[in-house]
Protein chains: 8
Amino acid sequence: MRAIIDWDRTARTGTAEAILCDGKRVADIEAILDAAAERSLFLTRLTSDAFASLSARHQASLDYDPLSKTAIYGPLPLLTRPATVAIVAAGLADAAVAQEAARALRFQGEETTLVGDVGVAGLWRLMDRLDDIMAHKVVIVVAGMEGALFSVLAGLIDAPIIAVPTSNGYGVATGGRAALSTALATCAPGVVTVNIDNGFGAAAAAQRILRLIDRSA
Amino acid sequence: MRAIIDWDRTARTGTAEAILCDGKRVADIEAILDAAAERSLFLTRLTSDAFASLSARHQASLDYDPLSKTAIYGPLPLLTRPATVAIVAAGLADAAVAQEAARALRFQGEETTLVGDVGVAGLWRLMDRLDDIMAHKVVIVVAGMEGALFSVLAGLIDAPIIAVPTSNGYGVATGGRAALSTALATCAPGVVTVNIDNGFGAAAAAQRILRLIDRSA
Amino acid sequence: MRAIIDWDRTARTGTAEAILCDGKRVADIEAILDAAAERSLFLTRLTSDAFASLSARHQASLDYDPLSKTAIYGPLPLLTRPATVAIVAAGLADAAVAQEAARALRFQGEETTLVGDVGVAGLWRLMDRLDDIMAHKVVIVVAGMEGALFSVLAGLIDAPIIAVPTSNGYGVATGGRAALSTALATCAPGVVTVNIDNGFGAAAAAQRILRLIDRSA
Amino acid sequence: MRAIIDWDRTARTGTAEAILCDGKRVADIEAILDAAAERSLFLTRLTSDAFASLSARHQASLDYDPLSKTAIYGPLPLLTRPATVAIVAAGLADAAVAQEAARALRFQGEETTLVGDVGVAGLWRLMDRLDDIMAHKVVIVVAGMEGALFSVLAGLIDAPIIAVPTSNGYGVATGGRAALSTALATCAPGVVTVNIDNGFGAAAAAQRILRLIDRSA
Amino acid sequence: MRAIIDWDRTARTGTAEAILCDGKRVADIEAILDAAAERSLFLTRLTSDAFASLSARHQASLDYDPLSKTAIYGPLPLLTRPATVAIVAAGLADAAVAQEAARALRFQGEETTLVGDVGVAGLWRLMDRLDDIMAHKVVIVVAGMEGALFSVLAGLIDAPIIAVPTSNGYGVATGGRAALSTALATCAPGVVTVNIDNGFGAAAAAQRILRLIDRSA
Amino acid sequence: MRAIIDWDRTARTGTAEAILCDGKRVADIEAILDAAAERSLFLTRLTSDAFASLSARHQASLDYDPLSKTAIYGPLPLLTRPATVAIVAAGLADAAVAQEAARALRFQGEETTLVGDVGVAGLWRLMDRLDDIMAHKVVIVVAGMEGALFSVLAGLIDAPIIAVPTSNGYGVATGGRAALSTALATCAPGVVTVNIDNGFGAAAAAQRILRLIDRSA
Amino acid sequence: MRAIIDWDRTARTGTAEAILCDGKRVADIEAILDAAAERSLFLTRLTSDAFASLSARHQASLDYDPLSKTAIYGPLPLLTRPATVAIVAAGLADAAVAQEAARALRFQGEETTLVGDVGVAGLWRLMDRLDDIMAHKVVIVVAGMEGALFSVLAGLIDAPIIAVPTSNGYGVATGGRAALSTALATCAPGVVTVNIDNGFGAAAAAQRILRLIDRSA
Amino acid sequence: MRAIIDWDRTARTGTAEAILCDGKRVADIEAILDAAAERSLFLTRLTSDAFASLSARHQASLDYDPLSKTAIYGPLPLLTRPATVAIVAAGLADAAVAQEAARALRFQGEETTLVGDVGVAGLWRLMDRLDDIMAHKVVIVVAGMEGALFSVLAGLIDAPIIAVPTSNGYGVATGGRAALSTALATCAPGVVTVNIDNGFGAAAAAQRILRLIDRSA
């Protein structure tokens, strides 16, 4: 089977072509990179082992980040404005997913601000950063465990707010189900959510909003 | 227990105060209306039976819609611009949830366009309306059963797109779980979702985006 | 089958005998009341219909509360001290469960303070009552939907804190599962939980703590 | 325990004997191959490690494919007609399951056409291949994630259509549950499904249909 | 919202337009019937109460069957050949779903044979009817509880076999989940399945096969 | 569809023919009774409403028990020995299921002893009856909620012990799932279980054991 | 923590002391063996790795079987009668669990007959062995996948029949849930079940029955 | 992202700062230790591999316990009173979780008594230790499998009792779900529970109670 890259996607949906590497073979990924040629690509869920299995030439063509398991193929766009998106993470264990979102936005030319380790067990940590968060257009909130941060933050700000539940946690939180159900069942109106650990999806949603603003301006 | 209405919510989060009537007693609802006085309120999940149990005076103070089980207390704001949000519904059975979203946005002064009965089993129905949908800033998609409409539409347009899975369906779709998992697992990047049947939540999310545009303009 | 009442339970476990009426027939309940004679009993989950089906004599012997579906048989103990337990409820829909806990503690001679409608979507409501809550020895928190209140409050106070998830909610919150998983997965250390809607169980746990204090004094 | 091979199965049910290697020991598999003698066998879920553990003689007797983890014992039948079955795969990660189906049909003497990487996020990819798909008698659709391809394709063609949900995906799609529920809850009438990742089962179902056609001709 | 009937569906997918009445209002159904005019329609999940709520004129236009909750609008096609499909039902409680499948096929001009009450607890009942079943081209098997009939019958015949799990059962079989998992996990190759209680879907799948035979003849 | 009664079942499997009335229509049940003629039948899950819908003649032919929702058609066998089976029930709410088991055994000529209201929250109640329980050959244990009684009793006696989880309970115990998982996960070896609320199944299992003893004597 | 071995268990419950090695450390197991001294022990779930980690002296004291992961400490009792229990396994992948049951019974002095690879997809395999199976007092049935064998066999014989669902399977059968739900939801009365993969538990239940027979003789 | 340690937590909530190491990188943990300087920290879920990856200096600064996967940074407080908390564990496999609770309390200056291997399958083991258990102020009960110990012990004592379900078990007990549902659904009033395997959480809850006693004295 050969990949059919959807090079028109950016024009159609505002999202550049991205490759989910999970389940793809090394040869698949190399073939996709070869086909990309001069175009840019964003790769997600590329494990360190998979990256190391690529040929030296292919490795060299990628800007790889092991924390977020993302790789960028092709030159990064210049940044033309200050950070538009705040990425708020509940704990250090959520850093990988937060980074996936940040890298996906950077790939599209958007700067982001990371506000980390502000879980609700110590509410003052969040309050200290609230003004900073509110200075951004869109807010992505990344949290595992029970995900109470989604509700608390949504009750405090009026920006579009996108929840990313993460799979950090154990017992009833295993796999991210508890955080996901909090994001969906939240009593704070206007929270939207993406799949567990889907930092890339949150970035794509944020970009849909940013493009709308740019068009509306 | 007495209600503590969060009258400042609009200023803080861009969402007017809304009352989820599920689980509240008739006396609770009447007391909240009395406390509202000159302010406006949006009531959700107010069943026909509950509405009929209110005193005549309280009934008369409400603009009640039995399909969406919503009621509006207080005068509606004037509409000052054409429809900003398209509400796309997969089938007739999704009408109640679509209407909840439409009424919630109307309560906040936003006009909406309803695009109904365009499920993917007959794809031409959606294609026929695509230009119309794309003329709006934000798109809310309402679907039950397997919810394939979320993915298909997100692959065709670049506006912010908010999925509302509905509880229409039977067997594995009972309660809306199949549609919800489609909204979350979608292969089309940038879809965000709210809880099953939560038309009000989708409207609140859309309004966060619209306010951002207005602020950015 | 005949009931075997465990009249020694108070001596053994600090909890007076209580009757869960769910699943019992009217004749069962009447026979238990007859057997109780001069002793006291606390009845839970006694629906209005079941109460109305009891003989007039049995109805008259009960102090029945339809909101919490509890009944008290026998005289109430005198109150000998101010409220020891704060019962904090996220919303009006949680009133029934909060009331079950309050009545169960009152049956055992403990006064309680109800702090209601302080969900985290409007955090200031909780902050306004924090000093009041902290003036009590034990805190019972009652919340449905996503139950974020459990985590937020546990991060703010150092009293023993018992979560009671309620079945209020829809979609992924149906039946109380989302609130329960928040109570269990909370990032705030020291929260303990009981079964969904189990106000009586929370009261029994609170009483175990209060008795320990009395013994230790 | 010794295997009791059901050599009559082809006559009775139209499916040649196949061996599910999962959970069987190397010695079990070798004994089955020895017992097969001159007869043919199709082996599924034979991992590379298990294959490597077989004796050199047994390895040499097999046509092994590591992608699909299938092996064929005995000579392949000649192909006597063009491809009767189209195997449509949503993404590259579905290649292994698609290949299991293709190999199982080839083992029975049926040629297949693979139509790959046509997920609905870029609908034009599917539309481009629609005529090609419709030139086949039976269509097997292989998809993970949310499986929207099942519904979309079933709304476009009138051939028998067999869904194979795959376990590709993460979060709520983990293990293939989201794709399975889409296959079952689909709004497009006439889709049937097999177990997650069961390419062999889909092939067996396709073959039941093809045999019926041959008998009816 | 107005219905957009997909009158071309038969030409495109081999399935006549059908209306799932679940979740639709009486006015919706009446409007659809009015729009149908001279064309035929098949209505599923039309409860007796909903049927009784239709206007007398609309009731009179329908051939309604309360057991299967189906209605046929428009004249039935003549039968031009003997029964092509055997519908095998495990127990009397599966009659409603079996009847839905039979009526859906009859609506399309196909005769069916019902083979009822042949659950595996008394295997001789199935064996007695085996020759009769095998005289048909396609077999639909309808079973609730644990659904063992799917596996047993699939091991005995070589026709295409479509499982319809039903929601009959209690405890772990509640809602049909046990029968569904048997249909999917079956050890007998070539069984395909549709959603729980989806007799209509099984009929549509059978018809896809029958049309293929007719085209291939 | 007509019922095919398996009149030979007693000879083959040691269980008399029983009719699960759930999902059967009144006419089905009446037809089965008519076909039974001089033979005996045991009916389960016959609701009071369904019983009341039978013709007066059919009602008169049945020994109906509303608590267990069972009916006996035909004369009861004489009792020829003292109780062989102890039925131990955790609480009064388990009486209906315990009674279903008792009636099913009585229908087959076996006397039972009911030991009721001996849940583990008051362990002395069980200890008081232990000698009585141990005087029986087989023990059926009926419990809802968390079902701890299964483990405790199995650690104390050496008779065959059959658990029947019941659907009594709320929250995580809703539908009997908590009691069922206790029965299966028990740390006390030798407990076997049947489906939730399946008193009849436990009776059938007990009878298989009793028949074996009689044959072995 | 030190083990407290329940050496009286045989006298009390008819089951010799067994050690579940899962989750125990090597030092724990060695200490238990040392404490056993002249008494016998049955060890379950002792992986090959754990066995290899024991000291040479402890290894030498055990009769270890890697297939079933069981070990026997102490001399085996003499066999004094022919096989009393038939262990019927659906497929080769069920051999490990069947062997656990066989070894547990052998440890207690009972001989067993293994009837293997008789899954219902080829029903004649089971029919061929039916007389052999019926020559035993108790029947243990071991099956994974969908577990249809439980229902089929229970409809054919009248011996006590104990189902052991196994975790063999994939997709919806992962972890054994499909086989378990079949065992519980079976339409064949009198089947009882134990936990997934619990061959030891089935043996303990069989032994409870055999001891009862011996006492009753 | 940098950690923001909540050094004020002890003053605010009675719990010293603890670090959940799951999901954190080695560099994160080292940075946190460096920031702690003279203050104390409790680390949970620090695997042996993660501990071994720390620099020699950081390893040397920790009191690491591989059984409970906990580490203590900083000097331990002196013990000033006899054990206040009894930790009751059902089996040896629960030792790791029991140890996590014991170490967390020791870190806060509380001595504990471990009462191990007292599961309910041999009830005498628990009864033998009952007086010992009752000599403590608070009881933590640690159990996997079906967790019946929670209910039994809660029926026998009147101290505050905190259940910790563990993930020991297989089949339906996999991951600790069976034990958790027992803890929540218990028929013994006053049991509270924490997340599966959360020994630290139970310790924090116990400490909230102990601090309350100290304040009340």
# chains A, B, ... in the order shown; residues from 1 in each chain; ligands from 1
call {"tool": "closest_atom_pairs", "arguments": {"of": "chain H", "to": "chain F", "cutoff": "10 Å", "atoms": "only C-alpha atoms", "output": "CSV"}}
result
residue,atom,partner,partner_atom,distance
H:Ala90,CA,F:Cys187,CA,9.8
H:Gly91,CA,F:Cys187,CA,9.9
H:Gly119,CA,F:Cys187,CA,7.8
H:Val120,CA,F:Val152,CA,5.9
H:Ala121,CA,F:Gly155,CA,4.3
H:Gly122,CA,F:Gly155,CA,5.7
H:Leu123,CA,F:Gly155,CA,7.1
H:Trp124,CA,F:Leu156,CA,9.7
H:Gly144,CA,F:Cys187,CA,9.2
H:Met145,CA,F:Ala185,CA,5.5
H:Glu146,CA,F:Thr182,CA,4.8
H:Gly147,CA,F:Thr182,CA,7.8
H:Ala148,CA,F:Ala148,CA,4.8
H:Leu149,CA,F:Ala148,CA,8.0
H:Phe150,CA,F:Ala148,CA,8.9
H:Ser151,CA,F:Ala121,CA,6.3
H:Val152,CA,F:Val120,CA,5.8
H:Leu153,CA,F:Ala121,CA,8.4
H:Ala154,CA,F:Ala121,CA,7.1
H:Gly155,CA,F:Ala121,CA,4.3
H:Leu156,CA,F:Gly122,CA,7.6
H:Gly169,CA,F:Ala185,CA,7.4
H:Tyr170,CA,F:Ala185,CA,7.7
H:Gly171,CA,F:Ala185,CA,7.5
H:Val172,CA,F:Ser181,CA,6.1
H:Ala173,CA,F:Ala185,CA,5.8
H:Thr174,CA,F:Ala185,CA,9.3
H:Arg177,CA,F:Ser181,CA,8.6
H:Ala178,CA,F:Ser181,CA,5.6
H:Ala179,CA,F:Thr182,CA,7.8
H:Leu180,CA,F:Ala178,CA,9.0
H:Ser181,CA,F:Ala178,CA,5.5
H:Thr182,CA,F:Glu146,CA,4.8
H:Ala183,CA,F:Glu146,CA,7.8
H:Leu184,CA,F:Val172,CA,7.0
H:Ala185,CA,F:Glu146,CA,5.1
H:Thr186,CA,F:Glu146,CA,5.2
H:Cys187,CA,F:Ala121,CA,6.2
H:Ala188,CA,F:Ala121,CA,4.8
H:Pro189,CA,F:Ala121,CA,8.1
call {"tool": "select_by_dssp", "arguments": {"residues": "range 9-177 of chain E", "states": "helix (DSSP H, G or I)", "output": "JSON, numbers by chain"}}
result
{"E": [9, 10, 11, 12, 13, 26, 27, 28, 29, 30, 31, 32, 33, 34, 35, 36, 48, 49, 50, 51, 52, 53, 56, 57, 58, 59, 60, 92, 93, 94, 95, 96, 97, 98, 99, 100, 101, 102, 103, 104, 105, 106, 107, 120, 121, 122, 123, 124, 125, 126, 127, 128, 130, 131, 132, 133, 134, 148, 149, 150, 151, 152, 153, 154, 171, 172, 173, 174, 175, 176, 177]}
call {"tool": "atom_distance", "arguments": {"atom1": "CA of Asp117 in chain B", "atom2": "CA of His136 in chain B"}}
result
18.2 Å
call {"tool": "residues_around", "arguments": {"residues": "Val138 in chain E", "least_positions_apart": "6", "cutoff": "6 Å", "atoms": "only C-alpha atoms", "output": "list in words"}}
result
Val85, Ala159 and Pro160 of chain E
call {"tool": "atom_distance", "arguments": {"atom1": "CA of Ala143 in chain F", "atom2": "CA of Ala93 in chain F"}}
result
8.8 Å
call {"tool": "atom_distance", "arguments": {"atom1": "CA of Phe51 in chain B", "atom2": "CA of Ser68 in chain C"}}
result
22.8 Å
call {"tool": "residues_around", "arguments": {"residues": "Val191 in chain H", "least_positions_apart": "4", "cutoff": "7 Å", "atoms": "only C-alpha atoms", "output": "list of chain:residue names"}}
result
C:Ala205, H:Ala154, H:Ile161, H:Ile162, H:Ala163
call {"tool": "residues_around", "arguments": {"residues": "range 195-204 of chain B", "least_positions_apart": "3", "cutoff": "6 Å", "atoms": "only C-alpha atoms", "output": "list of chain:residue names"}}
result
A:Leu184, A:Pro189, A:Gly190, B:Val97, B:Glu100, B:Ala101, B:Ala104, B:Leu105, B:Pro165, B:Thr166, B:Gln207, C:Gly171
call {"tool": "write_last_selection", "arguments": {"atoms": "N, CA and C atoms", "output": "PDB file, in the first residue's frame"}}
result
ATOM      1  N   LEU A 184     -15.472  16.394  29.480  1.00  0.00           N
ATOM      2  CA  LEU A 184     -16.789  16.329  28.837  1.00  0.00           C
ATOM      3  C   LEU A 184     -17.913  16.716  29.791  1.00  0.00           C
ATOM      4  N   PRO A 189     -19.287  26.121  31.334  1.00  0.00           N
ATOM      5  CA  PRO A 189     -19.712  26.060  29.937  1.00  0.00           C
ATOM      6  C   PRO A 189     -18.641  26.535  28.968  1.00  0.00           C
ATOM      7  N   GLY A 190     -18.578  25.875  27.820  1.00  0.00           N
ATOM      8  CA  GLY A 190     -17.716  26.331  26.756  1.00  0.00           C
ATOM      9  C   GLY A 190     -16.395  25.600  26.625  1.00  0.00           C
TER      10      GLY A 190
ATOM     11  N   VAL B  97     -31.398  18.712  19.960  1.00  0.00           N
ATOM     12  CA  VAL B  97     -30.089  19.174  20.419  1.00  0.00           C
ATOM     13  C   VAL B  97     -29.622  20.354  19.566  1.00  0.00           C
ATOM     14  N   GLU B 100     -31.351  23.332  20.819  1.00  0.00           N
ATOM     15  CA  GLU B 100     -30.807  23.843  22.075  1.00  0.00           C
ATOM     16  C   GLU B 100     -29.629  24.770  21.801  1.00  0.00           C
ATOM     17  N   ALA B 101     -28.773  24.357  20.874  1.00  0.00           N
ATOM     18  CA  ALA B 101     -27.627  25.199  20.512  1.00  0.00           C
ATOM     19  C   ALA B 101     -28.091  26.497  19.864  1.00  0.00           C
ATOM     20  N   ALA B 104     -29.608  28.836  22.466  1.00  0.00           N
ATOM     21  CA  ALA B 104     -28.599  29.385  23.369  1.00  0.00           C
ATOM     22  C   ALA B 104     -27.840  30.520  22.683  1.00  0.00           C
ATOM     23  N   LEU B 105     -27.551  30.357  21.398  1.00  0.00           N
ATOM     24  CA  LEU B 105     -26.849  31.420  20.675  1.00  0.00           C
ATOM     25  C   LEU B 105     -27.771  32.620  20.453  1.00  0.00           C
ATOM     26  N   PRO B 165     -22.128  15.073  19.897  1.00  0.00           N
ATOM     27  CA  PRO B 165     -22.717  13.743  19.742  1.00  0.00           C
ATOM     28  C   PRO B 165     -24.083  13.722  20.421  1.00  0.00           C
ATOM     29  N   THR B 166     -25.055  13.040  19.814  1.00  0.00           N
ATOM     30  CA  THR B 166     -26.361  12.953  20.477  1.00  0.00           C
ATOM     31  C   THR B 166     -26.640  11.515  20.884  1.00  0.00           C
ATOM     32  N   GLN B 207     -19.562  30.778  21.159  1.00  0.00           N
ATOM     33  CA  GLN B 207     -19.591  32.174  21.572  1.00  0.00           C
ATOM     34  C   GLN B 207     -18.238  32.659  22.069  1.00  0.00           C
TER      35      GLN B 207
ATOM     36  N   GLY C 171     -24.935  12.243  29.647  1.00  0.00           N
ATOM     37  CA  GLY C 171     -23.824  11.852  28.786  1.00  0.00           C
ATOM     38  C   GLY C 171     -22.819  11.044  29.578  1.00  0.00           C
TER      39      GLY C 171
END
call {"tool": "select_by_dssp", "arguments": {"residues": "range 11-117 of chain D", "states": "strand (DSSP E or B)", "output": "PyMOL selection string"}}
result
chain D and resi 18-20+41-44+62-65+70-73+85-89+112-116
call {"tool": "residues_around", "arguments": {"residues": "Glu38 in chain G", "least_positions_apart": "5", "cutoff": "10 Å", "atoms": "only C-alpha atoms", "output": "list in words"}}
result
Leu33, Tyr73, Gly74 and Pro75 of chain G
call {"tool": "residues_around", "arguments": {"residues": "Ser53 in chain G", "least_positions_apart": "3", "cutoff": "8 Å", "atoms": "only C-alpha atoms", "output": "NGL selection string"}}
result
:G and (26 or 49-50)
call {"tool": "closest_residue", "arguments": {"among": "H:Asp158, H:Asp65, H:Glu110, H:Asp22", "to": "Leu79 in chain H", "atoms": "only C-alpha atoms"}}
result
H:Glu110
